[in-house]
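As stored in model-v1.cif (mmCIF, C-alpha atoms and all ligand atoms):
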```cif
data_model
#
loop_
_atom_site.label_atom_id
_atom_site.label_comp_id
_atom_site.auth_asym_id
_atom_site.auth_seq_id
_atom_site.Cartn_x
_atom_site.Cartn_y
_atom_site.Cartn_z
CA MET A 1 -24.99 97.84 63.86
CA THR A 2 -22.18 97.43 61.49
CA SER A 3 -20.11 99.95 63.42
CA THR A 4 -20.63 97.98 66.59
CA LEU A 5 -19.60 94.74 64.90
CA ARG A 6 -16.54 96.43 63.53
CA ALA A 7 -15.65 97.62 67.01
CA ILE A 8 -16.10 94.15 68.46
CA ALA A 9 -14.06 92.64 65.72
CA ARG A 10 -11.27 95.10 66.41
CA TYR A 11 -11.53 94.38 70.11
CA TRP A 12 -11.43 90.64 69.53
CA PHE A 13 -8.43 91.00 67.35
CA LEU A 14 -6.67 93.00 70.03
CA ALA A 15 -7.66 90.48 72.70
CA ALA A 16 -6.31 87.64 70.63
CA LEU A 17 -3.08 89.52 70.15
CA ILE A 18 -2.71 90.09 73.90
CA PHE A 19 -3.46 86.44 74.55
CA LEU A 20 -0.82 85.36 72.09
CA LEU A 21 1.74 87.66 73.66
CA ALA A 22 0.91 86.34 77.11
CA ILE A 23 1.50 82.75 76.04
CA LEU A 24 4.72 83.69 74.40
CA GLN A 25 5.92 85.39 77.56
CA LEU A 26 5.07 82.37 79.70
CA GLY A 27 6.97 80.01 77.54
CA LEU A 28 10.07 82.16 77.65
CA THR A 29 10.16 82.54 81.41
CA SER A 30 9.82 78.84 82.07
CA ALA A 31 12.53 77.89 79.61
CA THR A 32 15.34 80.13 80.93
CA PRO A 33 16.72 80.23 84.45
CA SER A 34 16.06 83.23 86.46
CA ASN A 35 18.41 86.06 86.03
CA SER A 36 17.42 87.64 89.25
CA PRO A 37 20.10 88.01 91.81
CA SER A 38 20.06 85.41 94.52
CA PRO A 39 18.64 86.76 97.74
CA GLY A 40 20.82 84.74 100.08
CA PRO A 41 24.22 85.68 101.25
CA ALA A 42 26.13 85.96 98.10
CA PRO A 43 29.18 83.84 98.05
CA GLN A 44 32.24 85.26 96.67
CA GLY A 45 32.22 85.83 93.06
CA GLU A 46 29.25 85.70 90.82
CA ALA A 47 26.73 83.36 92.47
CA ASP A 48 24.63 83.27 89.39
CA ALA A 49 24.67 79.47 89.45
CA GLY A 50 22.38 79.33 92.44
CA LEU A 51 18.67 79.50 92.10
CA PRO A 52 16.61 81.39 94.62
CA GLY A 53 16.07 79.29 97.65
CA VAL A 54 18.47 76.57 96.57
CA PRO A 55 21.42 76.18 98.94
CA ILE A 56 24.61 76.92 97.19
CA ARG A 57 27.15 74.21 97.37
CA ALA A 58 30.75 74.75 96.78
CA THR A 59 30.66 72.48 93.83
CA ASN A 60 28.27 74.83 92.22
CA LEU A 61 30.67 77.68 92.41
CA VAL A 62 32.43 78.51 89.32
CA PRO A 63 35.80 79.91 90.27
CA ALA A 64 35.36 82.58 87.73
CA SER A 65 37.11 85.22 89.71
CA THR A 66 39.77 83.06 91.28
CA PRO A 67 43.04 83.41 89.50
CA SER A 68 42.97 81.12 86.64
CA PRO A 69 45.73 78.59 86.66
CA THR A 70 46.90 80.03 83.46
CA GLN A 71 48.05 82.95 85.46
CA THR A 72 50.92 80.98 86.94
CA PRO A 73 53.78 83.31 87.56
CA THR A 74 55.37 83.32 84.28
CA ALA A 75 59.01 82.80 84.87
CA THR A 76 59.87 85.95 83.12
CA ALA A 77 62.33 86.57 85.90
CA THR A 78 64.67 84.11 84.33
CA PRO A 79 68.03 85.63 85.14
CA THR A 80 69.08 86.58 81.76
CA ILE A 81 72.75 86.10 82.41
CA ALA A 82 73.71 89.63 81.75
CA ILE A 83 76.63 89.16 84.08
CA THR A 84 78.67 88.10 81.19
CA PRO A 85 82.01 89.71 81.82
CA THR A 86 82.04 92.42 79.33
CA THR A 87 85.50 92.41 78.01
CA THR A 88 84.85 95.82 76.67
CA SER A 89 84.68 97.30 80.15
CA PRO A 90 86.86 100.35 80.11
CA ALA A 91 89.97 100.01 82.18
CA THR A 92 89.02 102.36 84.95
CA PRO A 93 92.02 104.30 86.18
CA ARG A 94 92.98 103.00 89.57
CA PRO A 95 93.40 105.80 92.03
CA THR A 96 95.14 103.48 94.41
CA THR A 97 98.25 103.68 92.34
CA THR A 98 98.56 107.37 92.95
CA PRO A 99 100.25 108.31 96.19
CA MET A 100 97.65 108.82 98.85
CA PRO A 101 98.78 111.37 101.38
CA SER A 102 96.00 110.27 103.69
CA PRO A 103 97.33 109.29 107.11
CA THR A 104 95.32 106.10 106.94
CA ALA A 105 97.25 104.90 103.95
CA THR A 106 99.06 101.80 104.91
CA PRO A 107 102.76 101.85 104.40
CA ALA A 108 104.16 100.16 101.40
CA PRO A 109 105.86 97.20 103.04
CA SER A 110 105.17 93.90 101.41
CA PRO A 111 102.99 91.64 103.54
CA THR A 112 105.45 88.83 103.24
CA PRO A 113 108.56 89.76 105.10
CA THR A 114 111.50 88.69 103.07
CA PHE A 115 113.88 89.07 105.99
CA THR A 116 114.28 86.51 108.67
CA PRO A 117 114.14 88.19 112.04
CA ILE A 118 117.34 87.80 113.97
CA PRO A 119 116.82 87.41 117.69
CA MET A 120 118.94 89.49 119.96
CA PRO A 121 122.01 87.58 121.09
CA THR A 122 121.41 85.85 124.38
CA PRO A 123 123.74 87.42 126.94
CA ASP A 124 126.43 85.13 128.27
CA GLY A 125 125.71 86.17 131.83
CA VAL A 126 128.67 88.48 132.21
CA SER A 127 127.69 91.99 133.28
CA ARG A 128 129.43 94.56 131.12
CA THR A 129 129.47 98.31 130.86
CA ALA A 130 130.51 100.18 127.73
CA HIS A 131 131.57 103.78 127.53
CA VAL A 132 130.70 104.63 123.94
CA PRO A 133 129.64 108.16 122.98
CA ILE A 134 126.70 107.91 120.57
CA LEU A 135 126.86 111.30 118.88
CA MET A 136 123.52 112.76 117.76
CA TYR A 137 123.38 114.97 114.69
CA HIS A 138 120.47 116.26 112.59
CA TYR A 139 121.34 118.73 109.81
CA ILE A 140 124.88 118.88 108.51
CA SER A 141 124.53 122.18 106.68
CA ASP A 142 124.59 125.90 107.17
CA PRO A 143 121.20 126.89 108.54
CA PRO A 144 119.14 128.78 105.97
CA ALA A 145 118.76 132.53 106.25
CA GLY A 146 116.15 133.39 108.83
CA ALA A 147 116.31 129.96 110.47
CA ASP A 148 114.79 129.92 113.93
CA VAL A 149 116.66 128.99 117.07
CA TYR A 150 115.67 125.33 116.81
CA ARG A 151 116.86 124.94 113.28
CA ARG A 152 120.16 126.63 114.10
CA ASP A 153 120.58 124.39 117.12
CA LEU A 154 120.00 121.28 114.98
CA SER A 155 122.37 122.40 112.23
CA VAL A 156 126.07 121.65 112.41
CA THR A 157 127.92 123.36 109.60
CA PRO A 158 129.94 121.13 107.28
CA SER A 159 133.13 122.88 108.33
CA ASN A 160 132.42 122.30 112.03
CA PHE A 161 131.47 118.72 111.29
CA GLU A 162 134.69 118.14 109.43
CA ALA A 163 136.69 119.67 112.26
CA GLN A 164 135.02 117.25 114.66
CA LEU A 165 135.74 114.25 112.46
CA ALA A 166 139.34 115.35 112.05
CA TRP A 167 139.71 115.69 115.79
CA LEU A 168 138.18 112.23 116.37
CA ARG A 169 140.57 110.74 113.88
CA SER A 170 143.50 112.50 115.43
CA GLN A 171 142.53 111.10 118.83
CA GLY A 172 142.32 107.54 117.55
CA TYR A 173 138.54 107.14 117.67
CA GLU A 174 137.02 104.37 115.58
CA SER A 175 133.40 104.37 114.53
CA ILE A 176 131.34 101.30 115.35
CA THR A 177 127.68 100.44 114.88
CA LEU A 178 124.98 99.76 117.41
CA THR A 179 125.17 96.10 116.44
CA ASP A 180 128.79 96.07 117.52
CA LEU A 181 127.76 97.56 120.85
CA VAL A 182 125.12 94.88 121.46
CA TYR A 183 127.55 92.07 120.66
CA TYR A 184 130.00 93.54 123.13
CA LEU A 185 127.42 93.91 125.90
CA ALA A 186 125.81 90.51 125.32
CA LEU A 187 128.81 88.36 124.42
CA GLY A 188 131.91 90.37 125.03
CA TRP A 189 132.92 90.69 121.42
CA PRO A 190 135.80 93.17 121.41
CA LEU A 191 135.39 96.87 120.65
CA PRO A 192 138.04 99.33 119.47
CA GLU A 193 139.94 101.05 122.24
CA LYS A 194 138.17 104.35 121.59
CA PRO A 195 134.81 103.60 120.01
CA VAL A 196 132.30 106.19 118.87
CA ILE A 197 128.93 105.90 117.12
CA LEU A 198 127.84 108.72 114.80
CA THR A 199 124.07 108.95 114.42
CA PHE A 200 122.03 111.26 112.19
CA ASP A 201 118.31 111.65 112.83
CA ASP A 202 115.55 112.32 110.29
CA GLY A 203 117.40 111.51 107.05
CA TYR A 204 117.79 114.97 105.59
CA ARG A 205 119.18 115.49 102.12
CA ASP A 206 122.40 116.95 103.49
CA ASP A 207 123.22 113.54 104.92
CA TYR A 208 124.07 112.69 101.34
CA THR A 209 125.44 115.99 100.08
CA ASN A 210 127.51 116.98 103.13
CA ALA A 211 127.86 114.26 105.75
CA PHE A 212 128.45 111.30 103.47
CA PRO A 213 131.52 112.69 101.63
CA LEU A 214 133.13 113.72 104.92
CA LEU A 215 132.45 110.39 106.59
CA LYS A 216 134.07 108.65 103.65
CA LYS A 217 136.98 111.05 103.77
CA TYR A 218 137.73 110.24 107.41
CA GLY A 219 136.85 106.57 107.16
CA TYR A 220 133.88 106.64 109.51
CA VAL A 221 130.57 104.85 109.42
CA GLY A 222 127.43 106.87 110.00
CA THR A 223 124.19 105.47 111.38
CA PHE A 224 121.23 107.22 109.73
CA PHE A 225 117.78 107.07 111.30
CA LEU A 226 115.24 107.65 108.57
CA ILE A 227 111.69 108.98 108.53
CA THR A 228 110.55 106.92 105.58
CA ARG A 229 107.35 108.63 104.49
CA PRO A 230 108.93 111.77 103.02
CA ILE A 231 111.40 109.55 101.17
CA ASP A 232 108.50 107.56 99.74
CA TYR A 233 106.94 110.79 98.50
CA GLY A 234 110.13 112.21 97.04
CA ASP A 235 110.40 115.15 99.42
CA PRO A 236 113.61 116.95 98.32
CA THR A 237 114.34 117.94 101.92
CA TYR A 238 115.07 114.29 102.62
CA LEU A 239 117.21 111.56 101.15
CA SER A 240 115.99 109.63 98.17
CA TRP A 241 115.96 105.85 98.19
CA ASP A 242 118.66 105.89 95.53
CA MET A 243 120.87 107.93 97.83
CA VAL A 244 120.16 105.52 100.66
CA LYS A 245 121.19 102.60 98.48
CA GLU A 246 124.36 104.31 97.36
CA MET A 247 125.34 105.23 100.89
CA HIS A 248 124.53 101.76 102.10
CA ARG A 249 126.76 100.22 99.45
CA ALA A 250 129.53 102.48 100.76
CA GLY A 251 129.11 101.01 104.25
CA MET A 252 126.67 103.43 105.88
CA ASP A 253 124.11 102.06 108.32
CA PHE A 254 120.36 102.75 108.00
CA GLN A 255 117.75 102.34 110.73
CA PRO A 256 114.20 103.66 111.18
CA HIS A 257 113.05 106.79 112.96
CA GLY A 258 109.33 106.22 112.29
CA TYR A 259 107.13 106.42 109.24
CA ARG A 260 105.90 109.95 109.97
CA HIS A 261 107.89 111.08 113.02
CA PHE A 262 104.84 110.93 115.26
CA ASP A 263 104.98 110.91 119.03
CA LEU A 264 104.67 107.24 119.96
CA ARG A 265 103.46 107.66 123.52
CA GLY A 266 100.00 106.41 124.44
CA LYS A 267 99.40 104.79 121.07
CA ASN A 268 97.82 101.40 120.44
CA VAL A 269 99.66 98.48 118.95
CA ASP A 270 98.25 98.99 115.45
CA PHE A 271 99.49 102.54 115.35
CA LEU A 272 102.91 101.57 116.66
CA VAL A 273 103.28 98.72 114.19
CA TYR A 274 102.27 101.08 111.39
CA GLU A 275 104.91 103.63 112.35
CA ILE A 276 107.70 101.32 113.42
CA VAL A 277 107.42 98.22 111.29
CA GLY A 278 106.32 100.25 108.28
CA ALA A 279 109.56 102.24 108.40
CA LYS A 280 111.58 99.13 109.21
CA GLU A 281 110.37 97.19 106.20
CA ALA A 282 110.70 100.18 103.89
CA ILE A 283 114.39 100.39 104.73
CA GLU A 284 115.02 96.66 104.60
CA ALA A 285 113.47 96.53 101.15
CA ARG A 286 116.10 99.01 99.92
CA THR A 287 119.20 97.99 101.81
CA GLY A 288 118.64 94.26 101.91
CA GLU A 289 119.80 94.33 105.50
CA VAL A 290 117.81 93.54 108.61
CA VAL A 291 116.93 96.59 110.69
CA ARG A 292 117.61 96.20 114.41
CA PHE A 293 117.60 99.65 116.00
CA PHE A 294 115.17 102.48 116.36
CA SER A 295 115.36 106.15 117.18
CA TYR A 296 112.24 107.34 119.00
CA PRO A 297 110.73 110.33 117.19
CA SER A 298 111.44 113.37 119.35
CA GLY A 299 112.82 110.93 121.88
CA SER A 300 109.30 110.06 123.04
CA TYR A 301 108.30 106.53 123.96
CA ASP A 302 106.58 104.44 126.61
CA GLN A 303 106.42 100.80 127.65
CA GLN A 304 104.08 99.92 124.79
CA THR A 305 106.52 101.40 122.28
CA VAL A 306 109.32 99.26 123.66
CA ALA A 307 107.09 96.17 123.68
CA VAL A 308 106.29 96.58 119.99
CA LEU A 309 109.96 97.10 119.17
CA GLN A 310 110.89 93.94 121.01
CA SER A 311 108.14 91.92 119.40
CA ALA A 312 109.41 93.11 116.01
CA TYR A 313 112.89 91.78 116.84
CA PHE A 314 114.55 95.12 117.41
CA TRP A 315 117.69 94.92 119.46
CA GLY A 316 117.61 98.39 120.92
CA ALA A 317 116.70 102.05 120.55
CA VAL A 318 118.33 105.39 121.09
CA ILE A 319 116.88 108.27 123.05
CA THR A 320 117.70 111.97 123.23
CA GLY A 321 118.76 111.78 126.86
CA GLN A 322 122.39 112.55 127.47
CA GLY A 323 124.97 109.99 128.44
CA ALA A 324 127.63 107.67 127.06
CA THR A 325 127.61 104.66 129.37
CA HIS A 326 125.60 101.62 128.32
CA THR A 327 124.60 98.22 129.68
CA TYR A 328 122.67 95.31 128.20
CA ASP A 329 119.64 96.22 130.32
CA ASP A 330 119.51 99.70 128.83
CA LEU A 331 119.47 98.73 125.18
CA PHE A 332 116.06 100.28 124.55
CA GLU A 333 117.08 103.49 126.28
CA LEU A 334 120.49 104.15 124.82
CA THR A 335 121.59 107.66 125.76
CA ARG A 336 123.36 109.90 123.29
CA VAL A 337 125.58 112.97 123.14
CA ARG A 338 123.92 115.86 121.37
CA VAL A 339 126.16 117.96 119.16
CA ARG A 340 124.68 121.43 118.90
CA GLY A 341 124.91 123.96 116.15
CA ASP A 342 126.77 126.48 118.29
CA HIS A 343 129.29 124.02 119.67
CA THR A 344 132.88 125.03 119.08
CA LEU A 345 135.51 122.39 118.63
CA GLN A 346 136.48 122.98 122.25
CA ASP A 347 132.90 122.32 123.31
CA PHE A 348 132.98 119.13 121.28
CA GLU A 349 136.23 117.96 122.86
CA GLU A 350 134.71 118.62 126.26
CA LEU A 351 131.63 116.54 125.43
CA MET A 352 133.88 113.67 124.42
CA SER A 353 135.83 113.88 127.65
CA TYR A 354 132.82 113.54 129.98
CA ASP A 355 132.56 110.38 131.93
CA TRP A 356 128.78 110.11 131.73
ZN ZN A 401 113.75 113.26 114.63
#
```
Show this structure as structure tokens.
Amino acid sequence: MTSTLRAIARYWFLAALIFLLAILQLGLTSATPSNSPSPGPAPQGEADAGLPGVPIRATNLVPASTPSPTQTPTATATPTIAITPTTTSPATPRPTTTPMPSPTATPAPSPTPTFTPIPMPTPDGVSRTAHVPILMYHYISDPPAGADVYRRDLSVTPSNFEAQLAWLRSQGYESITLTDLVYYLALGWPLPEKPVILTFDDGYRDDYTNAFPLLKKYGYVGTFFLITRPIDYGDPTYLSWDMVKEMHRAGMDFQPHGYRHFDLRGKNVDFLVYEIVGAKEAIEARTGEVVRFFSYPSGSYDQQTVAVLQSAYFWGAVITGQGATHTYDDLFELTRVRVRGDHTLQDFEELMSYDW
């Protein structure tokens, strides 16, 4: 009996304990909201605010996941003015000051022309013809050993050159310039009885060492057509600008023969201006005298070449074609008399006697 009572008592105690636990559990569940996930379509974010079966209104939504306004783009991109001109920047060497042998290098002429273009004199309406041999020389020197046929043909020895000058002097020839010729053809300004123009193409160094002393000796003016690029680069085959200045002070005449001696046929205006005006301004900057005449490189030209010359206030141009008779209408195709390396003095006298 006692064992039965003891068992009952234990059972009762256990039952009371279970009952207590059950009550405790009930009270907890009714006091806290349900943590179960809402069965409806879950709105964005954690829809833990909605109770099961209760329609979720927007106002109930806690924008927990939406970017908090504190996440405003912090203006960290404030341009920290690092553009402060660092005075310590190393003076980078400027390669533009070194001579650029690239063909695209623009010639040196200053953009502001310091020389006022002089328009060609307006002809007075009188048609004139001038018989003036325009002699064409290149080298005045003995051709170097092994020189080819072209070089020998272009080279008049100093002794032959002097013999020619002496003969001209003995015959009463006076040297004039191309400017003199234009003034005669346009306005009738008088010329010497026996005029001659001595031209030298390319501007080789022997113009200074050989031709210049002889011209001075015989009292003649030479007209030198320069390729200006090799002078700019100090090529010893050609004159230097100091030589040009010295010769110019002594009365010699300097005109352009192109910047690089390129064939000027079929070229656009930019190219022609580069070659023609570039050489023109390079010379004017050294001589202080306006350039008015051009010698076509290799005697090659076309209508566009002439148009550019005229727009740049040139008065005329010489060609390599032979002849000695000139008119105002032919000023951009002035023929010359070529003196060849193998010409004897008799050949030279014959050239001067032609009526061509
Ligand atoms: Zn030439």
All residues having an atom within 7 Å of ligand ZN 401 (chain A) (all atoms listed in the file) as a list of chain:residue names: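 Residues lying within 7 Å of ligand ZN 401 (chain A): A:Asp201, A:Asp202, A:His257, A:His261, A:Pro297, A:Ser298.
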Name the closest residue to A:Pro236 among the candidates A:Gly203, A:Gly341, A:Pro133, A:Pro256; distances are taken between atoms, counting only C-alpha atoms.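 That would be A:Gly203, the residue with the smallest distance to A:Pro236.
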Restricting to only C-alpha atoms, whichever of A:Leu309, A:Ala163, A:Leu345, A:Ile319 is closest to A:Val269 is A:Leu309
For A:Thr122, which residue among A:Tyr150, A:Asp180, A:Leu239, A:Trp315 is the nearest when counting only C-alpha atoms?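 Of A:Tyr150, A:Asp180, A:Leu239, A:Trp315, the one nearest A:Thr122, counting only C-alpha atoms, is A:Trp315.
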Q) What does the distance between atom CA of A:Val182 and atom CA of A:Ala285 come to in Å, to one decimal place? A)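 It comes out at 23.5 Å.
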Exercise. Using only C-alpha atoms, which of A:Thr327, A:Asp142, A:Arg340, A:Met352 sits nearest A:Tyr173?
Worked result: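 Smallest distance to A:Tyr173 is found for A:Met352.
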Separation of atom CA of A:Tyr259 and atom CA of A:Phe200, in Å?
->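 The value is 15.9 Å.
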#### Entry: Best match for closeness to A:Tyr208 among A:Asp253, A:Glu246, A:Asp347, A:Asp235, counting all atoms listed in the file
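For A:Tyr208, the nearest of the candidates is A:Glu246.
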What's around A:Thr228 at 7 Å? Count all atoms listed in the file, leave out sequence neighbours fewer than 6 positions away in its own chain, and write the answer as a PyMOL selection string.
chain A and resi 258-259+279+282
Which value, in Å to one decimal, gives the distance between atom CA of A:Asp263 and atom CA of A:Gly222?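 Atom-to-atom, atom CA of A:Asp263 and atom CA of A:Gly222 are spaced 24.5 Å apart.
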Open item on the list: Under the rule that only C-alpha atoms are counted, which of A:Asp206, A:Gln346, A:Glu174, A:Leu264 is the nearest residue to A:Pro143?
Closed with: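 Smallest distance to A:Pro143 is found for A:Asp206.
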(request) Would you mind listing what lies within 12 Å of A:Gln303 as an NGL selection string, with only C-alpha atoms counted and same-chain residues fewer than 2 positions away left out? (result) :A and (264-269 or 272 or 300-301 or 305-310 or 332-333)
Need to verify the contact set: A:Asn160, 12 Å, all atoms listed in the file, exclusion of same-chain residues closer than 5 positions in sequence. Can you return it as a PyMOL selection string? chain A and resi 137+139-142+155+165-167+210-211+214+339-348
### Task
Identify, on the basis of all atoms listed in the file, every residue whose closest approach to A:Ile283 does not exceed 9 Å; exclude the query and any residue fewer than 4 positions from it along the same chain; express the result as a list in words.
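Counting all atoms listed in the file, the residues come to Leu226, Thr228, Trp241, Val244, Phe254, Gln255, Pro256, Gly278, Ala279, Thr287, Gly288, Glu289, Val290 and Val291 of chain A.
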